[in-house]
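The file final.csv contains CSV, C-alpha atoms and all ligand atoms:
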chain,number,residue,atom,x,y,z
A,1,LEU,CA,124.7,105.8,66.3
A,2,ILE,CA,121.8,107.4,64.5
A,3,GLN,CA,120.4,103.9,63.8
A,4,LEU,CA,120.4,103.3,67.5
A,5,TYR,CA,118.9,106.6,68.4
A,6,MET,CA,115.5,106.1,66.8
A,7,PRO,CA,114.7,102.8,68.6
A,8,LEU,CA,116.1,104.1,71.9
A,9,ASN,CA,114.1,107.3,71.6
A,10,PHE,CA,111.0,105.2,70.9
A,11,LEU,CA,111.7,103.0,73.9
A,12,GLY,CA,112.1,106.1,76.1
A,13,ILE,CA,108.7,107.3,75.0
A,14,VAL,CA,107.2,103.8,75.7
A,15,TYR,CA,108.9,103.7,79.1
A,16,ARG,CA,107.5,107.2,80.0
A,17,GLU,CA,104.0,106.1,79.0
A,18,ILE,CA,104.2,103.0,81.1
A,19,ARG,CA,105.6,104.9,84.1
A,20,GLN,CA,102.7,107.4,83.8
A,21,ALA,CA,100.1,104.6,83.5
A,22,LEU,CA,101.6,102.9,86.6
A,23,THR,CA,101.5,106.2,88.4
A,24,ASP,CA,97.8,106.7,87.6
A,25,ILE,CA,97.0,103.2,88.8
A,26,GLU,CA,99.0,103.7,92.0
A,27,ARG,CA,97.2,106.9,92.6
A,28,MET,CA,93.8,105.3,92.0
A,29,PHE,CA,94.6,102.6,94.4
A,30,GLY,CA,96.8,104.7,96.7
A,31,LEU,CA,95.0,103.2,99.6
A,32,LEU,CA,96.5,99.8,98.9
A,33,LYS,CA,99.9,101.0,99.7
A,34,GLN,CA,98.9,102.1,103.2
A,35,HIS,CA,97.9,98.7,104.5
A,36,ARG,CA,98.8,95.1,104.3
A,37,GLU,CA,97.5,93.2,101.3
A,38,ILE,CA,94.2,91.5,101.6
A,39,ALA,CA,94.6,87.9,100.4
A,40,ASP,CA,91.9,85.5,99.2
A,41,ALA,CA,91.2,82.7,101.6
A,42,ALA,CA,92.5,79.3,100.4
A,43,ASP,CA,88.9,78.1,99.9
A,44,ALA,CA,87.5,81.4,98.7
A,45,LEU,CA,84.4,81.1,96.5
A,46,ASP,CA,83.2,83.3,93.7
A,47,LEU,CA,80.3,85.5,94.6
A,48,PRO,CA,77.4,84.0,92.5
A,49,ALA,CA,76.7,86.5,89.8
A,50,GLU,CA,73.1,87.7,90.3
A,51,ARG,CA,71.5,91.0,89.4
A,52,ARG,CA,69.9,91.4,92.8
A,53,MET,CA,72.4,91.8,95.7
A,54,ALA,CA,71.6,92.7,99.3
A,55,ILE,CA,74.3,94.1,101.6
A,56,GLU,CA,74.5,93.5,105.3
A,57,PHE,CA,76.8,95.1,107.9
A,58,ALA,CA,76.5,93.1,111.1
A,59,ALA,CA,78.0,94.6,114.3
A,60,VAL,CA,81.0,95.8,112.3
A,61,ASP,CA,84.0,97.1,114.4
A,62,PHE,CA,87.0,98.5,112.6
A,63,ALA,CA,90.4,100.1,113.3
A,64,TYR,CA,93.0,101.2,110.7
A,65,GLU,CA,95.6,101.0,113.4
A,66,ALA,CA,95.6,99.1,116.7
A,67,ASN,CA,94.4,101.3,119.6
A,68,ARG,CA,92.3,103.6,117.5
A,69,SER,CA,88.9,102.3,116.9
A,70,ILE,CA,87.1,103.9,114.0
A,71,LEU,CA,83.8,102.0,113.6
A,72,HIS,CA,81.8,100.7,116.6
A,73,ALA,CA,79.0,98.0,116.2
A,74,VAL,CA,77.8,99.3,112.8
A,75,ASP,CA,74.6,97.5,111.8
A,76,PHE,CA,72.6,98.1,108.7
A,77,THR,CA,71.3,96.4,105.6
A,78,VAL,CA,70.7,97.6,102.1
A,79,PRO,CA,68.0,95.4,100.6
A,80,ALA,CA,68.5,94.5,96.9
A,81,GLY,CA,67.6,97.5,94.7
A,82,HIS,CA,67.5,100.0,97.5
A,83,THR,CA,69.5,103.1,98.1
A,84,VAL,CA,71.0,103.9,101.5
A,85,ALA,CA,72.7,107.2,102.1
A,86,VAL,CA,75.3,107.8,104.8
A,87,VAL,CA,75.7,111.3,106.2
A,88,GLY,CA,77.7,112.8,109.1
A,89,HIS,CA,80.4,115.3,109.9
A,90,SER,CA,83.9,114.9,108.4
A,91,GLY,CA,85.8,112.0,110.0
A,92,ALA,CA,82.6,110.3,111.2
A,93,GLY,CA,83.6,107.1,109.3
A,94,LYS,CA,81.4,107.3,106.2
A,95,SER,CA,84.0,106.6,103.5
A,96,THR,CA,85.4,103.8,105.7
A,97,LEU,CA,82.2,101.9,105.1
A,98,SER,CA,82.7,102.0,101.4
A,99,ARG,CA,86.4,100.9,101.7
A,100,LEU,CA,85.3,97.9,103.8
A,101,LEU,CA,82.6,97.0,101.3
A,102,TYR,CA,85.1,97.0,98.5
A,103,ARG,CA,87.4,95.0,100.9
A,104,PHE,CA,90.4,97.3,100.9
A,105,TYR,CA,90.4,96.3,104.5
A,106,ASP,CA,88.9,93.5,106.6
A,107,VAL,CA,86.6,94.2,109.5
A,108,SER,CA,88.1,93.9,113.0
A,109,GLY,CA,84.8,92.6,114.4
A,110,GLY,CA,81.4,91.5,113.1
A,111,SER,CA,80.9,90.8,109.4
A,112,ILE,CA,79.9,92.2,106.1
A,113,ARG,CA,77.8,90.0,103.8
A,114,ILE,CA,76.5,90.2,100.3
A,115,ASN,CA,73.5,87.9,99.6
A,116,GLY,CA,74.6,86.1,102.8
A,117,HIS,CA,78.2,85.5,101.8
A,118,ASP,CA,80.8,86.9,104.2
A,119,LEU,CA,83.3,89.1,102.1
A,120,ARG,CA,86.2,87.2,103.7
A,121,GLN,CA,85.1,84.0,102.1
A,122,LEU,CA,84.8,85.5,98.6
A,123,THR,CA,87.4,85.9,95.9
A,124,GLN,CA,88.3,89.6,95.6
A,125,HIS,CA,88.0,89.4,91.9
A,126,SER,CA,84.3,88.3,92.0
A,127,LEU,CA,83.5,90.8,94.8
A,128,ARG,CA,85.0,93.7,92.9
A,129,ALA,CA,83.3,92.7,89.6
A,130,ALA,CA,80.0,93.1,91.4
A,131,ILE,CA,80.7,96.6,92.6
A,132,GLY,CA,81.0,99.9,90.7
A,133,ILE,CA,82.5,102.8,92.5
A,134,VAL,CA,82.0,106.5,91.6
A,135,PRO,CA,84.8,108.0,93.8
A,136,GLN,CA,85.1,111.4,95.3
A,137,ASP,CA,88.0,112.3,93.0
A,138,THR,CA,88.1,110.4,89.7
A,139,VAL,CA,91.5,109.7,88.3
A,140,LEU,CA,91.7,110.4,84.6
A,141,PHE,CA,94.3,108.6,82.5
A,142,ASN,CA,96.5,110.6,80.1
A,143,ASP,CA,94.6,109.2,77.2
A,144,THR,CA,91.5,110.0,75.1
A,145,ILE,CA,88.1,110.6,76.7
A,146,ARG,CA,86.9,107.5,74.9
A,147,TYR,CA,89.6,105.4,76.6
A,148,ASN,CA,88.8,107.0,79.9
A,149,ILE,CA,85.1,106.0,79.7
A,150,ARG,CA,85.8,102.5,78.3
A,151,TYR,CA,88.0,101.9,81.3
A,152,GLY,CA,84.7,100.8,83.0
A,153,ARG,CA,84.6,97.8,80.7
A,154,PRO,CA,87.5,97.5,78.3
A,155,ASP,CA,85.7,95.2,75.8
A,156,ALA,CA,82.8,97.7,75.4
A,157,SER,CA,82.1,98.7,71.7
A,158,ASP,CA,82.4,102.3,70.6
A,159,GLU,CA,78.5,102.4,70.5
A,160,GLU,CA,78.3,101.3,74.1
A,161,VAL,CA,80.9,104.0,75.1
A,162,VAL,CA,78.8,106.6,73.4
A,163,ALA,CA,75.6,105.3,75.0
A,164,ALA,CA,77.2,105.4,78.5
A,165,ALA,CA,78.4,109.0,77.8
A,166,ARG,CA,74.9,110.0,76.8
A,167,ALA,CA,73.4,108.4,79.8
A,168,ALA,CA,75.8,110.3,82.0
A,169,SER,CA,75.0,113.6,80.2
A,170,LEU,CA,78.5,113.9,78.8
A,171,ASP,CA,77.6,113.8,75.1
A,172,ALA,CA,77.1,117.5,74.6
A,173,PHE,CA,80.3,118.2,76.4
A,174,ILE,CA,82.3,115.7,74.3
A,175,ALA,CA,80.7,117.0,71.0
A,176,ALA,CA,82.1,120.4,71.8
A,177,LEU,CA,85.6,119.1,72.3
A,178,PRO,CA,88.2,119.8,69.6
A,179,GLU,CA,88.6,116.2,68.6
A,180,GLY,CA,85.4,114.7,70.2
A,181,TYR,CA,85.9,111.3,71.7
A,182,ASP,CA,89.6,111.4,70.6
A,183,THR,CA,90.4,114.4,72.7
A,184,ARG,CA,93.2,113.7,75.1
A,185,VAL,CA,92.3,114.4,78.8
A,186,GLY,CA,94.1,114.1,82.1
A,187,GLU,CA,97.1,115.9,83.5
A,188,ARG,CA,98.8,116.2,80.1
A,189,GLY,CA,95.6,116.8,78.1
A,190,LEU,CA,92.4,118.7,78.6
A,191,LYS,CA,91.7,119.3,82.3
A,192,LEU,CA,88.1,118.4,83.3
A,193,SER,CA,86.2,120.1,86.1
A,194,GLY,CA,85.2,118.2,89.2
A,195,GLY,CA,81.6,117.8,87.9
A,196,GLU,CA,82.8,116.6,84.5
A,197,LYS,CA,85.2,114.1,86.0
A,198,GLN,CA,82.5,112.7,88.2
A,199,ARG,CA,80.3,112.3,85.2
A,200,VAL,CA,83.1,110.3,83.5
A,201,ALA,CA,83.1,108.1,86.6
A,202,ILE,CA,79.3,107.6,86.3
A,203,ALA,CA,79.7,106.7,82.6
A,204,ARG,CA,82.4,104.1,83.6
A,205,ALA,CA,80.0,102.7,86.2
A,206,LEU,CA,77.1,102.5,83.7
A,207,LEU,CA,79.4,100.6,81.2
A,208,LYS,CA,80.4,98.2,83.9
A,209,ASN,CA,76.7,97.7,84.8
A,210,PRO,CA,77.3,96.2,88.3
A,211,PRO,CA,74.5,95.1,90.6
A,212,ILE,CA,76.1,97.2,93.5
A,213,LEU,CA,77.0,100.9,93.2
A,214,ILE,CA,79.0,102.9,95.7
A,215,PHE,CA,78.8,106.7,95.1
A,216,ASP,CA,81.2,108.7,97.2
A,217,GLU,CA,80.1,112.3,96.6
A,218,ALA,CA,82.7,114.9,95.8
A,219,THR,CA,83.5,117.0,98.8
A,220,SER,CA,84.5,119.9,96.5
A,221,ALA,CA,81.6,122.3,96.0
A,222,LEU,CA,80.0,122.1,92.6
A,223,ASP,CA,77.9,124.8,91.2
A,224,SER,CA,74.2,124.2,91.7
A,225,ALA,CA,73.4,123.4,88.0
A,226,THR,CA,76.2,120.7,88.0
A,227,GLU,CA,75.0,119.4,91.3
A,228,ARG,CA,71.5,119.0,90.0
A,229,ALA,CA,72.8,117.3,86.8
A,230,ILE,CA,74.9,114.9,88.8
A,231,GLN,CA,72.0,114.2,91.1
A,232,GLY,CA,69.9,113.3,88.1
A,233,GLN,CA,72.6,111.0,86.6
A,234,LEU,CA,73.1,109.3,90.0
A,235,GLU,CA,69.4,108.5,90.4
A,236,LEU,CA,69.4,107.1,86.9
A,237,ALA,CA,72.5,105.0,87.6
A,238,ALA,CA,71.1,103.8,90.9
A,239,ARG,CA,67.9,102.5,89.4
A,240,GLY,CA,67.6,98.8,89.8
A,241,ARG,CA,70.9,98.6,91.7
A,242,THR,CA,71.8,98.3,95.4
A,243,THR,CA,73.3,101.6,96.1
A,244,LEU,CA,75.3,103.1,98.9
A,245,ILE,CA,75.8,106.9,98.8
A,246,ILE,CA,78.4,108.5,101.0
A,247,ALA,CA,76.9,112.0,101.0
A,248,HIS,CA,78.4,115.3,101.9
A,249,ARG,CA,75.4,117.4,100.9
A,250,LEU,CA,72.0,116.6,102.3
A,251,SER,CA,70.3,117.6,99.0
A,252,THR,CA,71.7,114.3,97.5
A,253,VAL,CA,70.0,112.0,100.0
A,254,MET,CA,66.4,113.3,100.3
A,255,ASN,CA,65.1,110.5,98.0
A,256,ALA,CA,67.2,107.7,99.5
A,257,ASP,CA,65.1,104.7,100.9
A,258,SER,CA,67.0,105.1,104.1
A,259,ILE,CA,69.5,107.6,105.6
A,260,LEU,CA,72.1,106.6,108.2
A,261,VAL,CA,73.5,109.4,110.3
A,262,MET,CA,77.0,108.7,111.6
A,263,ASP,CA,78.9,110.3,114.4
A,264,GLY,CA,82.2,109.1,115.9
A,265,GLY,CA,82.0,105.8,114.0
A,266,ARG,CA,78.5,105.0,115.2
A,267,ILE,CA,75.1,105.2,113.6
A,268,VAL,CA,73.3,107.6,115.8
A,269,GLU,CA,70.1,107.9,113.7
A,270,ARG,CA,68.4,106.3,110.8
A,271,GLY,CA,65.3,106.7,108.7
A,272,THR,CA,63.8,108.4,105.7
A,273,HIS,CA,64.4,112.1,105.2
A,274,ALA,CA,60.8,112.9,106.4
A,275,ALA,CA,61.1,110.6,109.5
A,276,LEU,CA,64.4,112.1,110.5
A,277,LEU,CA,63.1,115.6,110.2
A,278,ALA,CA,60.2,114.7,112.3
A,279,ALA,CA,62.5,113.1,114.9
A,280,ASN,CA,64.1,116.5,115.3
A,281,GLY,CA,67.6,115.2,116.2
A,282,ALA,CA,71.0,115.4,114.6
A,283,TYR,CA,69.8,115.1,111.0
A,284,ALA,CA,67.2,117.8,111.6
A,285,ARG,CA,69.9,120.1,113.0
A,286,MET,CA,72.1,119.5,110.0
A,287,TRP,CA,69.2,120.2,107.7
A,288,THR,CA,68.4,123.5,109.4
A,289,LEU,CA,72.0,124.5,109.2
A,290,GLN,CA,72.1,123.7,105.5
A,291,GLN,CA,68.9,125.7,104.9
A,292,ARG,CA,70.4,128.7,106.8
A,293,GLU,CA,73.6,128.5,104.7
A,294,ASN,CA,71.5,128.3,101.5
A,295,ASP,CA,69.6,131.4,102.5
A,296,ALA,CA,72.8,133.2,103.4
A,297,THR,CA,74.5,132.6,100.1
A,298,THR,CA,73.3,133.0,96.6
A,299,GLU,CA,76.4,131.3,95.1
A,300,PRO,CA,76.6,127.8,96.5
A,301,PRO,CA,80.2,127.0,97.3
A,302,ALA,CA,79.4,126.6,101.0
A,303,ASN,CA,76.1,125.1,100.0
A,304,GLY,CA,75.1,122.5,102.6
A,305,VAL,CA,78.5,120.8,102.9
A,306,VAL,CA,78.2,118.7,106.0
A,307,GLY,CA,81.3,116.6,105.9
B,401,LIG,P1,84.9,112.9,105.2
B,401,LIG,O1,83.5,113.4,105.2
B,401,LIG,O2,85.9,114.0,105.6
B,401,LIG,O3,85.3,112.2,103.9
B,401,LIG,P2,84.4,110.4,106.6
B,401,LIG,O4,83.2,110.5,107.5
B,401,LIG,O5,84.3,109.8,105.3
B,401,LIG,O6,85.0,111.9,106.4
B,401,LIG,P3,86.5,108.5,107.0
B,401,LIG,O7,87.4,108.9,105.8
B,401,LIG,O8,85.8,107.3,107.0
B,401,LIG,O9,85.6,109.7,107.4
B,401,LIG,O10,87.5,108.5,108.3
B,401,LIG,C1,87.1,108.1,109.6
B,401,LIG,C2,88.3,108.2,110.5
B,401,LIG,O11,89.3,107.2,110.1
B,401,LIG,C3,89.0,109.5,110.6
B,401,LIG,O12,89.3,109.8,111.9
B,401,LIG,C4,90.3,109.3,109.8
B,401,LIG,O13,91.3,110.1,110.3
B,401,LIG,C5,90.6,107.9,109.9
B,401,LIG,N1,91.3,107.3,108.8
B,401,LIG,C6,90.8,107.3,107.5
B,401,LIG,N2,91.6,106.7,106.7
B,401,LIG,C7,92.7,106.3,107.4
B,401,LIG,C8,93.9,105.5,107.2
B,401,LIG,N3,94.2,105.1,105.9
B,401,LIG,N4,94.7,105.2,108.2
B,401,LIG,C9,94.4,105.7,109.5
B,401,LIG,N5,93.3,106.4,109.8
B,401,LIG,C10,92.4,106.7,108.8

Can I see the file as structure tokens?
Ligand code: ATP
Amino acid sequence: LIQLYMPLNFLGIVYREIRQALTDIERMFGLLKQHREIADAADALDLPAERRMAIEFAAVDFAYEANRSILHAVDFTVPAGHTVAVVGHSGAGKSTLSRLLYRFYDVSGGSIRINGHDLRQLTQHSLRAAIGIVPQDTVLFNDTIRYNIRYGRPDASDEEVVAAARAASLDAFIAALPEGYDTRVGERGLKLSGGEKQRVAIARALLKNPPILIFDEATSALDSATERAIQGQLELAARGRTTLIIAHRLSTVMNADSILVMDGGRIVERGTHAALLAANGAYARMWTLQQRENDATTEPPANGVVG
């Protein structure tokens, strides 16, 4: 019996590890369970691998469920290498744009194209290889911090992992951990703050080195020092890439090439920060409100959160 116990016990541990990994992946792609699978077209093509990629949303309509339209005739382009930010109140449809670009769902009307290729005609594998996502809430695997960063590109060398961590300003944080890069993190290890987790996600994206970057800003309030640090990392990560920022704080978007203001699934205004302030419309009102909140609070939890 004892001879049986050891292997069985070992199998039990392996089983629990696999269960946990599956749970992590399910959580990460939790969206997938909520809708029918998107399948590759029979004649789907690989997106030609190029460093410069332009994104075009043309008259995009979308509904998660029949009878409840979410996006209405959404039209915009992100020229190769540009940064476009999307702002608007909660529920306006901002994150839906990023889910459609990653093709978690297909559009109900209109089209989304990358370098002229309709997403529905591309293999999902080649599409997703071209896009790095820094999500709102990064899932950490119950493994080492090294493993968690390397997840961005599993064949990356240790040196490349360290370089990505440095570029995402994680190196000082990791150096102070009890076992450095071998420290276990995640639910059963060291818990990371929202800002630290988002920096892990930025390091993953830098390792993956994709031509397109989607940054879905954390809704949770970060302290102003962390917010500034992440803003700096983000601008670095966006350099030379086509970037879509789903923004909850207006401070993040001031330097974007163009800002889209969404309301009720429509783009109601667009332009640069300066042009939108001069237009004195919805964006200017959000900005004034944020400034007032900033003045009213010294600690920034409520700092300019618009959605
Ligand atoms: P927030 O700033 O709060 O993240 P958002 O502008 O990103 O909001 P979306 O997440 O794009 O808004 O949601 C737009 C609308 O779509 C909302 O009314 C939301 O309830 C609805 N919605 C989002 N996800 C789903 C889903 N999986 N199934 C059905 N409706 C959904």

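Nearest to Ala205 in chain A of all the residues A:Arg166, A:Arg150, A:His117, A:Arg68 is A:Arg150, based on only C-alpha atoms.
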
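Among the candidates A:Ala175, A:Leu122, A:Gln290, A:Asp137, the residue lying nearest to Ala218 in chain A is A:Asp137 (atoms considered: all atoms listed in the file).
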
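One distance worth recording is that between CA of Ala73 in chain A and CA of Pro210 in chain A, which is 28.0 Å.
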
Could you please extract the residues within 9 Å of ligand LIG 401 (chain B), counting only C-alpha atoms and all ligand atoms, and hand them back as a ChimeraX atom specification? /A:31,34-35,63-65,68-71,86-99,136,216-219,246-248,262-265,306-307

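With CA of Asp75 in chain A on one side and CA of Asp61 in chain A on the other, the separation reads 9.8 Å.
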
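From CA of Val84 in chain A back to CA of Val60 in chain A, the distance works out to 16.8 Å.
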
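Within 10 Å of the point (85.1, 115.2, 91.6), and counting all atoms listed in the file, the protein, DNA and RNA residues are Val134, Pro135, Gln136, Asp137, Thr138, Val139, Leu192, Ser193, Gly194, Gly195, Glu196, Lys197, Gln198, Arg199, Val200, Ala201, Asp216, Glu217, Ala218, Thr219, Ser220, Ala221 and Leu222 of chain A.
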
At a cut-off of 7 Å, using only C-alpha atoms, what residues contact range 180-183 of chain A? Leave out same-chain residues fewer than 6 positions from it and give the result as a PDB file with C-alpha atoms, in the frame of the given file.
ATOM      1  CA  THR A 144      91.500 110.000  75.100  1.00  0.00           C
ATOM      2  CA  ILE A 145      88.100 110.600  76.700  1.00  0.00           C
ATOM      3  CA  ARG A 146      86.900 107.500  74.900  1.00  0.00           C
ATOM      4  CA  ILE A 174      82.300 115.700  74.300  1.00  0.00           C
TER       5      ILE A 174
END

Taking into account only C-alpha atoms, which residue in the set A:Ser258, A:Gln121, A:Leu140, A:Ser169 is nearest to Arg228 in chain A? A:Ser169

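Of the listed residues A:Phe141, A:Tyr147, A:Phe57, A:Trp287, the one whose atoms come nearest to Arg113 in chain A is A:Phe57, with distances taken using all atoms listed in the file.
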
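Using all atoms listed in the file, the nearest neighbour of Arg249 in chain A within the list A:Ala85, A:Gln233, A:Ala168, A:Ser108 is A:Ala85.
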
Using all atoms listed in the file, find the one residue out of A:Thr272, A:Thr252, A:Asn209, A:Thr83 that sits nearest to Ala54 in chain A. A:Thr83

If we count all atoms listed in the file, what is near Arg51 in chain A at a cut-off of 10 Å, once residues fewer than 4 positions away on the same chain are taken out, given as a ChimeraX atom specification? /A:80-81,130,209-212,240-242

Place a sphere of radius 12 Å on (88.1, 78.9, 103.9) in the file coordinates and name every protein, DNA or RNA residue with an atom inside or on its surface, counting all atoms listed in the file; give the answer as a PyMOL selection string. chain A and resi 39-45+118-123

Could N, CA and C atoms be built for range 49-74 of chain A and written out as a PDB file, in the coordinates of the input?
ATOM      1  N   ALA A  49      77.049  85.302  90.518  1.00  0.00           N
ATOM      2  CA  ALA A  49      76.700  86.500  89.800  1.00  0.00           C
ATOM      3  C   ALA A  49      75.151  86.569  89.662  1.00  0.00           C
ATOM      4  N   GLU A  50      74.578  87.496  90.394  1.00  0.00           N
ATOM      5  CA  GLU A  50      73.100  87.700  90.300  1.00  0.00           C
ATOM      6  C   GLU A  50      72.889  89.194  90.144  1.00  0.00           C
ATOM      7  N   ARG A  51      71.752  89.549  89.583  1.00  0.00           N
ATOM      8  CA  ARG A  51      71.500  91.000  89.400  1.00  0.00           C
ATOM      9  C   ARG A  51      71.036  91.619  90.703  1.00  0.00           C
ATOM     10  N   ARG A  52      70.435  90.839  91.580  1.00  0.00           N
ATOM     11  CA  ARG A  52      69.900  91.400  92.800  1.00  0.00           C
ATOM     12  C   ARG A  52      70.851  91.053  93.970  1.00  0.00           C
ATOM     13  N   MET A  53      71.427  92.052  94.597  1.00  0.00           N
ATOM     14  CA  MET A  53      72.400  91.800  95.700  1.00  0.00           C
ATOM     15  C   MET A  53      72.001  92.618  96.902  1.00  0.00           C
ATOM     16  N   ALA A  54      71.931  91.961  98.054  1.00  0.00           N
ATOM     17  CA  ALA A  54      71.600  92.700  99.300  1.00  0.00           C
ATOM     18  C   ALA A  54      72.925  92.747 100.125  1.00  0.00           C
ATOM     19  N   ILE A  55      73.094  93.872 100.804  1.00  0.00           N
ATOM     20  CA  ILE A  55      74.300  94.100 101.600  1.00  0.00           C
ATOM     21  C   ILE A  55      73.914  94.106 103.081  1.00  0.00           C
ATOM     22  N   GLU A  56      74.728  93.459 103.904  1.00  0.00           N
ATOM     23  CA  GLU A  56      74.500  93.500 105.300  1.00  0.00           C
ATOM     24  C   GLU A  56      75.749  93.779 106.122  1.00  0.00           C
ATOM     25  N   PHE A  57      75.753  94.824 106.909  1.00  0.00           N
ATOM     26  CA  PHE A  57      76.800  95.100 107.900  1.00  0.00           C
ATOM     27  C   PHE A  57      76.271  94.607 109.222  1.00  0.00           C
ATOM     28  N   ALA A  58      76.943  93.651 109.868  1.00  0.00           N
ATOM     29  CA  ALA A  58      76.500  93.100 111.100  1.00  0.00           C
ATOM     30  C   ALA A  58      77.493  93.375 112.232  1.00  0.00           C
ATOM     31  N   ALA A  59      77.163  94.253 113.169  1.00  0.00           N
ATOM     32  CA  ALA A  59      78.000  94.600 114.300  1.00  0.00           C
ATOM     33  C   ALA A  59      79.472  94.797 113.906  1.00  0.00           C
ATOM     34  N   VAL A  60      79.673  95.628 112.881  1.00  0.00           N
ATOM     35  CA  VAL A  60      81.000  95.800 112.300  1.00  0.00           C
ATOM     36  C   VAL A  60      81.835  96.793 113.231  1.00  0.00           C
ATOM     37  N   ASP A  61      82.981  96.281 113.693  1.00  0.00           N
ATOM     38  CA  ASP A  61      84.000  97.100 114.400  1.00  0.00           C
ATOM     39  C   ASP A  61      85.162  97.223 113.408  1.00  0.00           C
ATOM     40  N   PHE A  62      85.827  98.360 113.444  1.00  0.00           N
ATOM     41  CA  PHE A  62      87.000  98.500 112.600  1.00  0.00           C
ATOM     42  C   PHE A  62      87.990  99.502 113.105  1.00  0.00           C
ATOM     43  N   ALA A  63      89.273  99.186 112.945  1.00  0.00           N
ATOM     44  CA  ALA A  63      90.400 100.100 113.300  1.00  0.00           C
ATOM     45  C   ALA A  63      91.403 100.028 112.179  1.00  0.00           C
ATOM     46  N   TYR A  64      91.857 101.188 111.677  1.00  0.00           N
ATOM     47  CA  TYR A  64      93.000 101.200 110.700  1.00  0.00           C
ATOM     48  C   TYR A  64      94.246 100.793 111.404  1.00  0.00           C
ATOM     49  N   GLU A  65      94.372 101.307 112.657  1.00  0.00           N
ATOM     50  CA  GLU A  65      95.600 101.000 113.400  1.00  0.00           C
ATOM     51  C   GLU A  65      95.135 100.532 114.794  1.00  0.00           C
ATOM     52  N   ALA A  66      95.963  99.660 115.384  1.00  0.00           N
ATOM     53  CA  ALA A  66      95.600  99.100 116.700  1.00  0.00           C
ATOM     54  C   ALA A  66      95.475 100.353 117.656  1.00  0.00           C
ATOM     55  N   ASN A  67      94.639 100.240 118.628  1.00  0.00           N
ATOM     56  CA  ASN A  67      94.400 101.300 119.600  1.00  0.00           C
ATOM     57  C   ASN A  67      93.653 102.506 119.165  1.00  0.00           C
ATOM     58  N   ARG A  68      93.169 102.492 117.919  1.00  0.00           N
ATOM     59  CA  ARG A  68      92.300 103.600 117.500  1.00  0.00           C
ATOM     60  C   ARG A  68      91.131 103.108 116.729  1.00  0.00           C
ATOM     61  N   SER A  69      90.076 102.790 117.481  1.00  0.00           N
ATOM     62  CA  SER A  69      88.900 102.300 116.900  1.00  0.00           C
ATOM     63  C   SER A  69      88.191 103.354 116.048  1.00  0.00           C
ATOM     64  N   ILE A  70      87.726 102.965 114.871  1.00  0.00           N
ATOM     65  CA  ILE A  70      87.100 103.900 114.000  1.00  0.00           C
ATOM     66  C   ILE A  70      85.567 103.651 113.917  1.00  0.00           C
ATOM     67  N   LEU A  71      85.212 102.371 113.708  1.00  0.00           N
ATOM     68  CA  LEU A  71      83.800 102.000 113.600  1.00  0.00           C
ATOM     69  C   LEU A  71      83.415 101.165 114.851  1.00  0.00           C
ATOM     70  N   HIS A  72      82.216 101.411 115.379  1.00  0.00           N
ATOM     71  CA  HIS A  72      81.800 100.700 116.600  1.00  0.00           C
ATOM     72  C   HIS A  72      80.386 100.097 116.303  1.00  0.00           C
ATOM     73  N   ALA A  73      80.314  98.776 116.278  1.00  0.00           N
ATOM     74  CA  ALA A  73      79.000  98.000 116.200  1.00  0.00           C
ATOM     75  C   ALA A  73      78.108  98.623 115.117  1.00  0.00           C
ATOM     76  N   VAL A  74      78.632  98.776 113.911  1.00  0.00           N
ATOM     77  CA  VAL A  74      77.800  99.300 112.800  1.00  0.00           C
ATOM     78  C   VAL A  74      76.937  98.245 112.217  1.00  0.00           C
TER      79      VAL A  74
END
